[in-house]
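Peer 1: Got a structure for you, structure-v2.cif, holding mmCIF, C-alpha atoms.
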```cif
data_query
loop_
_atom_site.group_PDB
_atom_site.id
_atom_site.type_symbol
_atom_site.label_atom_id
_atom_site.label_comp_id
_atom_site.auth_asym_id
_atom_site.auth_seq_id
_atom_site.Cartn_x
_atom_site.Cartn_y
_atom_site.Cartn_z
ATOM 1 C CA MET B 1 45.911 86.250 186.903
ATOM 2 C CA LYS B 2 45.862 83.649 189.623
ATOM 3 C CA PRO B 3 49.160 81.967 190.448
ATOM 4 C CA GLU B 4 47.802 78.544 189.419
ATOM 5 C CA ASP B 5 46.742 79.926 185.994
ATOM 6 C CA ARG B 6 50.224 81.363 185.520
ATOM 7 C CA ALA B 7 51.652 77.966 186.445
ATOM 8 C CA TRP B 8 49.408 76.249 183.844
ATOM 9 C CA GLN B 9 50.476 78.745 181.207
ATOM 10 C CA SER B 10 54.125 78.189 181.909
ATOM 11 C CA LEU B 11 53.559 74.410 181.799
ATOM 12 C CA GLN B 12 51.879 74.747 178.398
ATOM 13 C CA LYS B 13 54.707 76.962 177.103
ATOM 14 C CA ARG B 14 57.333 74.545 178.260
ATOM 15 C CA ALA B 15 55.469 71.579 176.734
ATOM 16 C CA SER B 16 54.884 73.343 173.435
ATOM 17 C CA ALA B 17 58.574 74.291 173.247
ATOM 18 C CA HIS B 18 59.234 70.573 172.726
ATOM 19 C CA LEU B 19 57.074 70.468 169.592
ATOM 20 C CA ARG B 20 58.804 71.058 166.297
ATOM 21 C CA GLY B 21 57.900 74.029 164.125
ATOM 22 C CA ASN B 22 55.833 72.178 161.529
ATOM 23 C CA PHE B 23 54.047 70.069 164.134
ATOM 24 C CA ALA B 24 50.566 70.509 162.608
ATOM 25 C CA ASP B 25 51.755 69.459 159.134
ATOM 26 C CA HIS B 26 53.569 66.542 160.631
ATOM 27 C CA VAL B 27 50.463 65.327 162.466
ATOM 28 C CA LEU B 28 48.216 65.817 159.465
ATOM 29 C CA LYS B 29 50.578 63.919 157.150
ATOM 30 C CA ALA B 30 50.973 61.098 159.635
ATOM 31 C CA ALA B 31 47.207 60.905 160.130
ATOM 32 C CA ARG B 32 46.466 60.851 156.400
ATOM 33 C CA GLY B 33 49.267 58.447 155.577
ATOM 34 C CA PRO B 34 51.308 58.587 152.390
ATOM 35 C CA ASP B 35 49.552 60.297 149.484
ATOM 36 C CA ALA B 36 49.342 59.126 145.871
ATOM 37 C CA ARG B 37 52.319 61.306 144.914
ATOM 38 C CA THR B 38 54.552 59.521 147.436
ATOM 39 C CA TRP B 39 53.435 56.123 146.153
ATOM 40 C CA ALA B 40 54.183 57.314 142.615
ATOM 41 C CA GLN B 41 57.661 58.362 143.807
ATOM 42 C CA LEU B 42 58.164 54.873 145.216
ATOM 43 C CA GLU B 43 57.205 53.293 141.893
ATOM 44 C CA ALA B 44 59.505 55.686 140.029
ATOM 45 C CA ALA B 45 62.365 54.922 142.443
ATOM 46 C CA GLY B 46 61.869 51.173 141.835
ATOM 47 C CA ALA B 47 61.647 51.638 138.077
ATOM 48 C CA ALA B 48 64.844 53.727 138.109
ATOM 49 C CA ARG B 49 66.708 50.632 139.352
ATOM 50 C CA LEU B 50 66.125 48.825 136.060
ATOM 51 C CA ARG B 51 69.052 49.139 133.710
ATOM 52 C CA PRO B 52 68.392 50.051 130.065
ATOM 53 C CA GLY B 53 67.653 47.048 127.856
ATOM 54 C CA PHE B 54 65.751 45.229 130.609
ATOM 55 C CA ALA B 55 63.181 43.649 128.251
ATOM 56 C CA GLU B 56 65.908 42.263 125.972
ATOM 57 C CA ARG B 57 67.748 40.770 128.944
ATOM 58 C CA VAL B 58 64.558 39.088 130.172
ATOM 59 C CA LEU B 59 63.812 37.607 126.737
ATOM 60 C CA ARG B 60 67.400 36.361 126.391
ATOM 61 C CA ALA B 61 67.308 34.784 129.856
ATOM 62 C CA ALA B 62 63.913 33.180 129.176
ATOM 63 C CA ARG B 63 65.288 31.626 125.967
ATOM 64 C CA LYS B 64 68.358 30.222 127.763
ATOM 65 C CA ILE B 65 66.530 28.427 130.577
ATOM 66 C CA PRO B 66 65.327 24.997 129.461
ATOM 67 C CA GLY B 67 61.575 24.523 129.501
ATOM 68 C CA LEU B 68 59.887 22.980 132.509
ATOM 69 C CA PRO B 69 58.684 19.417 131.848
ATOM 70 C CA SER B 70 54.945 19.151 131.314
ATOM 71 C CA LEU B 71 52.735 17.427 133.884
ATOM 72 C CA PHE B 72 52.436 14.386 131.561
ATOM 73 C CA ASN B 73 56.230 14.196 131.188
ATOM 74 C CA GLN B 74 56.697 14.432 134.947
ATOM 75 C CA PHE B 75 54.117 11.666 135.432
ATOM 76 C CA ALA B 76 55.739 9.502 132.740
ATOM 77 C CA PHE B 77 59.159 10.001 134.325
ATOM 78 C CA SER B 78 57.799 9.047 137.764
ATOM 79 C CA ALA B 79 56.048 5.977 136.336
ATOM 80 C CA ALA B 80 59.252 4.894 134.537
ATOM 81 C CA THR B 81 61.259 5.335 137.749
ATOM 82 C CA VAL B 82 58.724 3.251 139.697
ATOM 83 C CA ALA B 83 58.777 0.543 136.991
ATOM 84 C CA VAL B 84 62.590 0.360 137.030
ATOM 85 C CA CYS B 85 62.599 0.139 140.849
ATOM 86 C CA VAL B 86 59.932 -2.598 140.895
ATOM 87 C CA LEU B 87 61.804 -4.603 138.233
ATOM 88 C CA ALA B 88 65.082 -4.205 140.141
ATOM 89 C CA VAL B 89 63.482 -5.344 143.417
ATOM 90 C CA ALA B 90 61.737 -8.291 141.691
ATOM 91 C CA GLY B 91 64.974 -9.326 139.944
ATOM 92 C CA ILE B 92 67.052 -9.171 143.125
ATOM 93 C CA HIS B 93 64.339 -11.081 145.015
ATOM 94 C CA ALA B 94 64.221 -13.811 142.316
ATOM 95 C CA VAL B 95 68.010 -14.245 142.386
ATOM 96 C CA GLN B 96 68.040 -14.410 146.193
ATOM 97 C CA VAL B 97 65.197 -16.989 146.228
ATOM 98 C CA ARG B 98 67.030 -19.122 143.654
ATOM 99 C CA LEU B 99 70.307 -19.007 145.606
ATOM 100 C CA GLU B 100 68.486 -19.828 148.860
ATOM 101 C CA SER B 101 66.680 -22.773 147.176
ATOM 102 C CA ASP B 102 69.974 -24.088 145.786
ATOM 103 C CA ARG B 103 71.517 -23.839 149.245
ATOM 104 C CA ASN B 104 68.548 -25.638 150.843
ATOM 105 C CA LEU B 105 68.518 -28.373 148.188
ATOM 106 C CA ALA B 106 72.260 -28.898 148.675
ATOM 107 C CA GLY B 107 71.615 -29.214 152.428
ATOM 108 C CA TRP B 108 68.839 -31.768 151.899
ATOM 109 C CA GLN B 109 70.994 -33.670 149.416
ATOM 110 C CA GLN B 110 73.740 -33.846 152.011
ATOM 111 C CA LEU B 111 71.203 -35.158 154.545
ATOM 112 C CA VAL B 112 69.926 -37.803 152.114
ATOM 113 C CA ASP B 113 73.498 -38.911 151.386
ATOM 114 C CA ASP B 114 74.242 -39.150 155.110
ATOM 115 C CA VAL B 115 71.053 -41.199 155.727
ATOM 116 C CA GLN B 116 71.928 -43.574 152.855
ATOM 117 C CA ASP B 117 75.489 -44.010 154.199
ATOM 118 C CA PHE B 118 74.056 -44.707 157.646
ATOM 119 C CA GLU B 119 71.571 -47.303 156.247
ATOM 120 C CA GLN B 120 74.380 -49.090 154.382
ATOM 121 C CA TYR B 121 76.458 -49.111 157.522
ATOM 122 C CA LEU B 122 73.583 -50.715 159.449
ATOM 123 C CA MET L 18 41.352 50.571 132.232
ATOM 124 C CA ASP L 19 38.776 51.449 129.545
ATOM 125 C CA THR L 20 37.197 48.885 127.235
ATOM 126 C CA SER L 21 39.363 49.549 124.180
ATOM 127 C CA ALA L 22 42.559 49.437 126.255
ATOM 128 C CA SER L 23 41.526 46.146 127.848
ATOM 129 C CA THR L 24 40.607 44.712 124.419
ATOM 130 C CA GLN L 25 44.032 45.745 123.092
ATOM 131 C CA LEU L 26 45.727 44.217 126.118
ATOM 132 C CA ALA L 27 43.806 40.952 125.691
ATOM 133 C CA ALA L 28 44.850 40.822 122.011
ATOM 134 C CA LEU L 29 48.483 41.472 122.988
ATOM 135 C CA VAL L 30 48.332 38.732 125.627
ATOM 136 C CA ARG L 31 46.874 36.269 123.077
ATOM 137 C CA ARG L 32 49.746 37.037 120.701
ATOM 138 C CA ALA L 33 52.242 36.549 123.533
ATOM 139 C CA GLN L 34 50.556 33.243 124.386
ATOM 140 C CA LYS L 35 51.240 32.062 120.834
ATOM 141 C CA GLY L 36 54.945 32.754 121.377
ATOM 142 C CA ASP L 37 55.109 36.102 119.513
ATOM 143 C CA GLU L 38 58.313 37.603 120.894
ATOM 144 C CA ASP L 39 57.373 41.164 119.898
ATOM 145 C CA ALA L 40 54.188 40.857 121.948
ATOM 146 C CA GLN L 41 56.134 39.457 124.890
ATOM 147 C CA ARG L 42 58.599 42.346 124.629
ATOM 148 C CA GLU L 43 55.750 44.850 124.488
ATOM 149 C CA LEU L 44 54.207 43.355 127.619
ATOM 150 C CA ILE L 45 57.527 43.568 129.476
ATOM 151 C CA VAL L 46 58.119 47.163 128.413
ATOM 152 C CA SER L 47 54.538 48.132 129.328
ATOM 153 C CA TYR L 48 54.685 46.641 132.801
ATOM 154 C CA GLN L 49 58.354 46.777 133.822
ATOM 155 C CA HIS L 50 58.031 50.077 135.696
ATOM 156 C CA ARG L 51 54.960 49.016 137.623
ATOM 157 C CA VAL L 52 56.435 45.626 138.497
ATOM 158 C CA ALA L 53 59.716 47.271 139.539
ATOM 159 C CA GLY L 54 57.787 49.674 141.778
ATOM 160 C CA PHE L 55 55.833 46.794 143.261
ATOM 161 C CA VAL L 56 59.042 44.827 143.942
ATOM 162 C CA TYR L 57 60.615 47.891 145.541
ATOM 163 C CA ALA L 58 57.578 48.398 147.769
ATOM 164 C CA MET L 59 57.643 44.735 148.776
ATOM 165 C CA THR L 60 61.357 44.332 149.455
ATOM 166 C CA GLY L 61 62.492 47.882 150.199
ATOM 167 C CA ARG L 62 65.741 46.986 148.476
ATOM 168 C CA GLY L 63 66.812 48.729 145.301
ATOM 169 C CA ASP L 64 69.471 46.119 144.567
ATOM 170 C CA TYR L 65 66.801 43.375 144.368
ATOM 171 C CA VAL L 66 64.590 45.189 141.898
ATOM 172 C CA GLU L 67 66.234 44.209 138.617
ATOM 173 C CA ASP L 68 66.780 40.580 139.631
ATOM 174 C CA LEU L 69 63.300 39.998 141.017
ATOM 175 C CA ALA L 70 61.576 41.882 138.196
ATOM 176 C CA GLN L 71 63.489 39.683 135.769
ATOM 177 C CA GLN L 72 62.318 36.565 137.607
ATOM 178 C CA VAL L 73 58.726 37.792 137.458
ATOM 179 C CA PHE L 74 58.840 38.371 133.703
ATOM 180 C CA ILE L 75 60.619 35.091 132.998
ATOM 181 C CA LYS L 76 57.842 33.315 134.910
ATOM 182 C CA MET L 77 55.336 35.345 132.914
ATOM 183 C CA ILE L 78 56.819 34.263 129.563
ATOM 184 C CA ARG L 79 56.983 30.638 130.607
ATOM 185 C CA ALA L 80 53.479 30.417 132.031
ATOM 186 C CA ILE L 81 51.508 32.834 129.870
ATOM 187 C CA ASP L 82 50.211 30.055 127.617
ATOM 188 C CA ARG L 83 48.441 28.603 130.660
ATOM 189 C CA LEU L 84 46.623 31.863 131.437
ATOM 190 C CA GLN L 85 42.996 31.039 130.643
ATOM 191 C CA ALA L 86 41.532 34.561 130.665
ATOM 192 C CA PRO L 87 43.738 37.131 128.893
ATOM 193 C CA ALA L 88 41.564 39.896 130.393
ATOM 194 C CA GLN L 89 42.844 38.867 133.832
ATOM 195 C CA PHE L 90 46.458 39.383 132.764
ATOM 196 C CA GLU L 91 47.247 42.253 135.146
ATOM 197 C CA SER L 92 45.947 40.458 138.244
ATOM 198 C CA TRP L 93 47.803 37.347 137.190
ATOM 199 C CA LEU L 94 51.059 39.265 136.610
ATOM 200 C CA PHE L 95 50.876 40.946 140.015
ATOM 201 C CA ARG L 96 50.091 37.594 141.640
ATOM 202 C CA LEU L 97 53.352 36.309 140.089
ATOM 203 C CA ALA L 98 55.156 39.425 141.355
ATOM 204 C CA ARG L 99 53.739 39.060 144.860
ATOM 205 C CA ASN L 100 54.606 35.361 145.081
ATOM 206 C CA THR L 101 58.115 35.959 143.734
ATOM 207 C CA CYS L 102 58.766 38.686 146.319
ATOM 208 C CA ILE L 103 57.317 36.644 149.190
ATOM 209 C CA ASP L 104 59.460 33.641 148.171
ATOM 210 C CA GLN L 105 62.524 35.901 148.121
ATOM 211 C CA LEU L 106 61.718 37.319 151.565
ATOM 212 C CA ARG L 107 61.195 33.778 152.923
ATOM 213 C CA ARG L 108 64.519 32.647 151.470
ATOM 214 C CA GLN L 109 66.148 35.685 153.067
ATOM 215 C CA LYS L 110 64.569 34.803 156.429
ATOM 216 C CA LEU L 111 65.736 31.176 156.150
ATOM 217 C CA GLY L 112 69.181 32.406 155.143
ATOM 218 C CA ARG L 113 69.321 34.498 158.299
ATOM 219 C CA ILE L 114 68.588 31.384 160.389
ATOM 220 C CA PHE L 115 71.301 29.292 158.755
ATOM 221 C CA LEU L 116 73.826 32.075 158.112
ATOM 222 C CA PRO L 117 73.318 34.494 161.003
ATOM 223 C CA PHE L 118 76.329 36.614 160.105
ATOM 224 C CA GLY L 119 75.210 36.927 156.499
ATOM 225 C CA ALA L 120 72.341 39.083 157.715
ATOM 226 C CA GLU L 121 74.752 41.857 158.584
ATOM 227 C CA HIS L 122 75.777 42.069 154.960
ATOM 228 C CA GLU L 123 72.327 41.436 153.577
ATOM 229 C CA ASN L 124 70.488 44.122 155.460
ATOM 230 C CA ILE L 125 72.645 47.112 154.817
ATOM 231 C CA PRO L 126 70.080 49.887 154.648
ATOM 232 C CA GLU L 127 70.097 52.119 151.635
ATOM 233 C CA PRO L 128 71.445 55.572 152.405
ATOM 234 C CA PRO L 129 68.378 57.651 153.239
ATOM 235 C CA GLY L 130 67.684 60.638 151.101
ATOM 236 C CA ALA L 131 70.400 59.749 148.581
ATOM 237 C CA VAL L 132 67.965 60.293 145.735
ATOM 238 C CA ASP L 133 64.662 60.073 147.587
ATOM 239 C CA SER L 134 62.434 62.744 149.038
ATOM 240 C CA GLU L 135 61.742 62.781 152.767
ATOM 241 C CA GLU L 136 58.203 61.530 152.160
ATOM 242 C CA LEU L 137 59.523 58.619 150.161
ATOM 243 C CA ASP L 138 62.013 57.772 152.901
ATOM 244 C CA ALA L 139 59.170 57.895 155.404
ATOM 245 C CA LEU L 140 57.038 55.609 153.230
ATOM 246 C CA ARG L 141 59.891 53.150 152.756
ATOM 247 C CA HIS L 142 60.519 53.154 156.500
ATOM 248 C CA ALA L 143 56.814 52.603 157.242
ATOM 249 C CA LEU L 144 56.535 49.771 154.702
ATOM 250 C CA ASP L 145 59.614 48.160 156.182
ATOM 251 C CA GLN L 146 57.818 47.872 159.539
ATOM 252 C CA LEU L 147 54.876 45.923 158.042
ATOM 253 C CA ARG L 148 54.533 42.208 157.380
ATOM 254 C CA PRO L 149 55.268 41.286 153.727
ATOM 255 C CA GLN L 150 51.633 40.199 153.302
ATOM 256 C CA ASP L 151 50.430 43.646 154.385
ATOM 257 C CA ARG L 152 52.970 45.359 152.148
ATOM 258 C CA ALA L 153 51.703 43.269 149.239
ATOM 259 C CA LEU L 154 48.133 44.228 150.033
ATOM 260 C CA LEU L 155 48.890 47.959 150.075
ATOM 261 C CA ALA L 156 51.057 47.756 146.962
ATOM 262 C CA LEU L 157 48.313 45.857 145.120
ATOM 263 C CA VAL L 158 45.801 48.554 146.023
ATOM 264 C CA GLN L 159 48.215 51.204 144.769
ATOM 265 C CA GLU L 160 48.472 49.197 141.572
ATOM 266 C CA GLY L 161 44.762 49.749 141.096
ATOM 267 C CA ARG L 162 43.650 46.199 141.825
ATOM 268 C CA SER L 163 40.068 45.958 143.053
ATOM 269 C CA HIS L 164 39.135 44.221 146.291
ATOM 270 C CA ALA L 165 37.702 41.327 144.280
ATOM 271 C CA GLU L 166 40.920 40.977 142.275
ATOM 272 C CA ILE L 167 43.024 41.074 145.442
ATOM 273 C CA ALA L 168 40.762 38.454 147.009
ATOM 274 C CA ASP L 169 41.364 36.299 143.948
ATOM 275 C CA ILE L 170 45.137 36.903 144.069
ATOM 276 C CA LEU L 171 45.310 36.033 147.782
ATOM 277 C CA SER L 172 42.738 33.212 147.536
ATOM 278 C CA THR L 173 40.563 34.746 150.225
ATOM 279 C CA SER L 174 37.216 36.534 150.543
ATOM 280 C CA VAL L 175 36.534 40.178 149.725
ATOM 281 C CA ALA L 176 35.469 40.780 153.335
ATOM 282 C CA ALA L 177 38.788 39.390 154.586
ATOM 283 C CA VAL L 178 40.664 41.628 152.130
ATOM 284 C CA LYS L 179 38.772 44.690 153.381
ATOM 285 C CA ALA L 180 39.508 43.861 157.014
ATOM 286 C CA ARG L 181 43.180 43.157 156.363
ATOM 287 C CA LEU L 182 43.496 46.285 154.250
ATOM 288 C CA HIS L 183 42.003 48.387 157.011
ATOM 289 C CA ARG L 184 44.504 46.997 159.510
ATOM 290 C CA ALA L 185 47.421 47.384 157.083
ATOM 291 C CA ARG L 186 46.518 51.038 156.448
ATOM 292 C CA GLU L 187 46.312 51.663 160.172
ATOM 293 C CA HIS L 188 49.746 50.128 160.695
ATOM 294 C CA LEU L 189 51.196 52.096 157.797
ATOM 295 C CA ARG L 190 49.835 55.335 159.219
ATOM 296 C CA GLU L 191 51.263 54.470 162.641
ATOM 297 C CA HIS L 192 54.731 54.071 161.188
ATOM 298 C CA TYR L 193 54.541 56.799 158.588
ATOM 299 C CA GLN L 194 56.476 59.681 160.083
ATOM 300 C CA SER L 195 56.729 62.408 157.554
ATOM 301 C CA PRO L 196 59.227 65.066 158.669
#
```
Show me the file's structure as structure tokens.
Peer 2:
Amino acid sequence: MKPEDRAWQSLQKRASAHLRGNFADHVLKAARGPDARTWAQLEAAGAARLRPGFAERVLRAARKIPGLPSLFNQFAFSAATVAVCVLAVAGIHAVQVRLESDRNLAGWQQLVDDVQDFEQYL
Amino acid sequence: MDTSASTQLAALVRRAQKGDEDAQRELIVSYQHRVAGFVYAMTGRGDYVEDLAQQVFIKMIRAIDRLQAPAQFESWLFRLARNTCIDQLRRQKLGRIFLPFGAEHENIPEPPGAVDSEELDALRHALDQLRPQDRALLALVQEGRSHAEIADILSTSVAAVKARLHRAREHLREHYQSP
């Protein structure tokens, strides 16, 4: 055997010494991916986390939680909220306008009184 | 599922839609293992299984009267399961942003091999490396959902499902290291 062939052989031996014993199985499993049995194990492991009486607990919990409002109820509630807000804004605006008018009228009245006093003085 | 089984399921769903508690219980008992397995595949956390499975079935009870086609019950249930798990994972992600130290407590890995085989540990590890959407895709396929059903669940096209599934399988294989 030529020296370079011997060197190649020893390189191969050294490289293959790094591979684990079940290398072929390992590669094949990794290439195929998990099989149906492993997926079934996963499902079984998940199912094993459920405590006995799961269905009863779900039904009890579902009964306890108040029902979600229907779409109509949600719409009605929104409409009522909008109506209350509009009425509140309109009411506050009306009161403010009235107060402002009273203030302006009082100002004009004062002006009229001052003009009349001035005319009498003249 | 054969024709008589799907007819029976549709009848059971109709009874549950009318508020029959026995029918609702029967649906929960029939599907609790599969939903629990799906939740476990999605979250990789055993301590979430009971809580999330309960959320899924509560949503089922509350919304079943709005299910138009009782024959589509399984797809609809697994859509609820997928959305519930994705919401939980999003909340967890948000929680990690706002409570960075909470993550240390949240992500305590389950002791490997405590009850699981090495293959199962490898599968859990591989799933953990995937995006939740890809995990959902693979878990839905394992649940026996067709490409058309998955497309309906994910609101996308069958071609998109096939492409995404191909990529997800590739990624799973890359990370699947069976000892």
Peer 1: Quick one: which chain L residues come within 8 Å of chain B, and what is the nearest atom pair for each with the distance in Å to one decimal, counting all atoms listed in the file, rows ordered by chain and ascending number, as CSV?
Peer 2:
```
residue,atom,partner,partner_atom,distance
L:Arg42,CA,B:Ala55,CA,6.0
L:Ile45,CA,B:Ala55,CA,5.8
L:Val46,CA,B:Ala55,CA,6.2
L:Gln49,CA,B:Ala47,CA,7.3
L:His50,CA,B:Ala47,CA,4.6
L:Arg51,CA,B:Glu43,CA,6.4
L:Val52,CA,B:Ala47,CA,8.0
L:Ala53,CA,B:Ala47,CA,5.0
L:Gly54,CA,B:Glu43,CA,3.7
L:Phe55,CA,B:Glu43,CA,6.8
L:Val56,CA,B:Gly46,CA,7.3
L:Tyr57,CA,B:Gly46,CA,5.1
L:Ala58,CA,B:Leu42,CA,7.0
L:Gly63,CA,B:Arg49,CA,6.2
L:Asp64,CA,B:Arg49,CA,7.4
L:Val66,CA,B:Arg49,CA,6.4
L:Glu67,CA,B:Leu50,CA,5.3
L:Gln71,CA,B:Val58,CA,5.7
L:Phe74,CA,B:Val58,CA,6.8
L:Ile75,CA,B:Ala62,CA,5.4
L:Ile78,CA,B:Ala62,CA,7.2
L:Arg79,CA,B:Ala62,CA,7.5
L:Asp133,CA,B:Ala45,CA,7.6
L:Glu136,CA,B:Thr38,CA,6.3
L:Leu137,CA,B:Thr38,CA,5.7
L:Leu140,CA,B:Pro34,CA,6.5
L:Arg141,CA,B:Leu42,CA,7.9
L:Gln159,CA,B:Trp39,CA,7.3
L:Arg186,CA,B:Gly33,CA,8.0
L:Leu189,CA,B:Gly33,CA,7.0
L:Arg190,CA,B:Gly33,CA,4.8
L:Glu191,CA,B:Ala30,CA,7.3
L:Tyr193,CA,B:Ala30,CA,5.7
L:Gln194,CA,B:Ala30,CA,5.7
L:Ser195,CA,B:His26,CA,6.0
L:Pro196,CA,B:His26,CA,6.2
```
Peer 1: Point out the residue among L:Thr60, L:Ile167, L:Gln85, L:Leu69 with the least atom-to-atom distance to Gln34 in chain L, counting only C-alpha atoms.
Peer 2: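 Among the listed residues, L:Gln85 lies closest to Gln34 in chain L.
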Peer 1: Quote the spacing between CA of Phe90 in chain L and CA of Ala27 in chain L in Å to one decimal place.
Peer 2: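 Spanning CA of Phe90 in chain L to CA of Ala27 in chain L is a straight-line distance of 7.7 Å.
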Peer 1: Edge lengths and centre in Å to one decimal, as AutoDock Vina command-line options, is what I'm after for the box along x, y and z that holds all listed atoms of range 33-37 of chain L once 5 Å is added on each side.
Peer 2:
```
--center_x 52.8 --center_y 34.3 --center_z 121.9 --size_x 14.6 --size_y 14.5 --size_z 14.9
```
Peer 1: Could you state the separation of CA of Pro149 in chain L and CA of Ile103 in chain L in Å, given to one decimal place?
Peer 2: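 So the two atoms, CA of Pro149 in chain L and CA of Ile103 in chain L, lie 6.8 Å apart.
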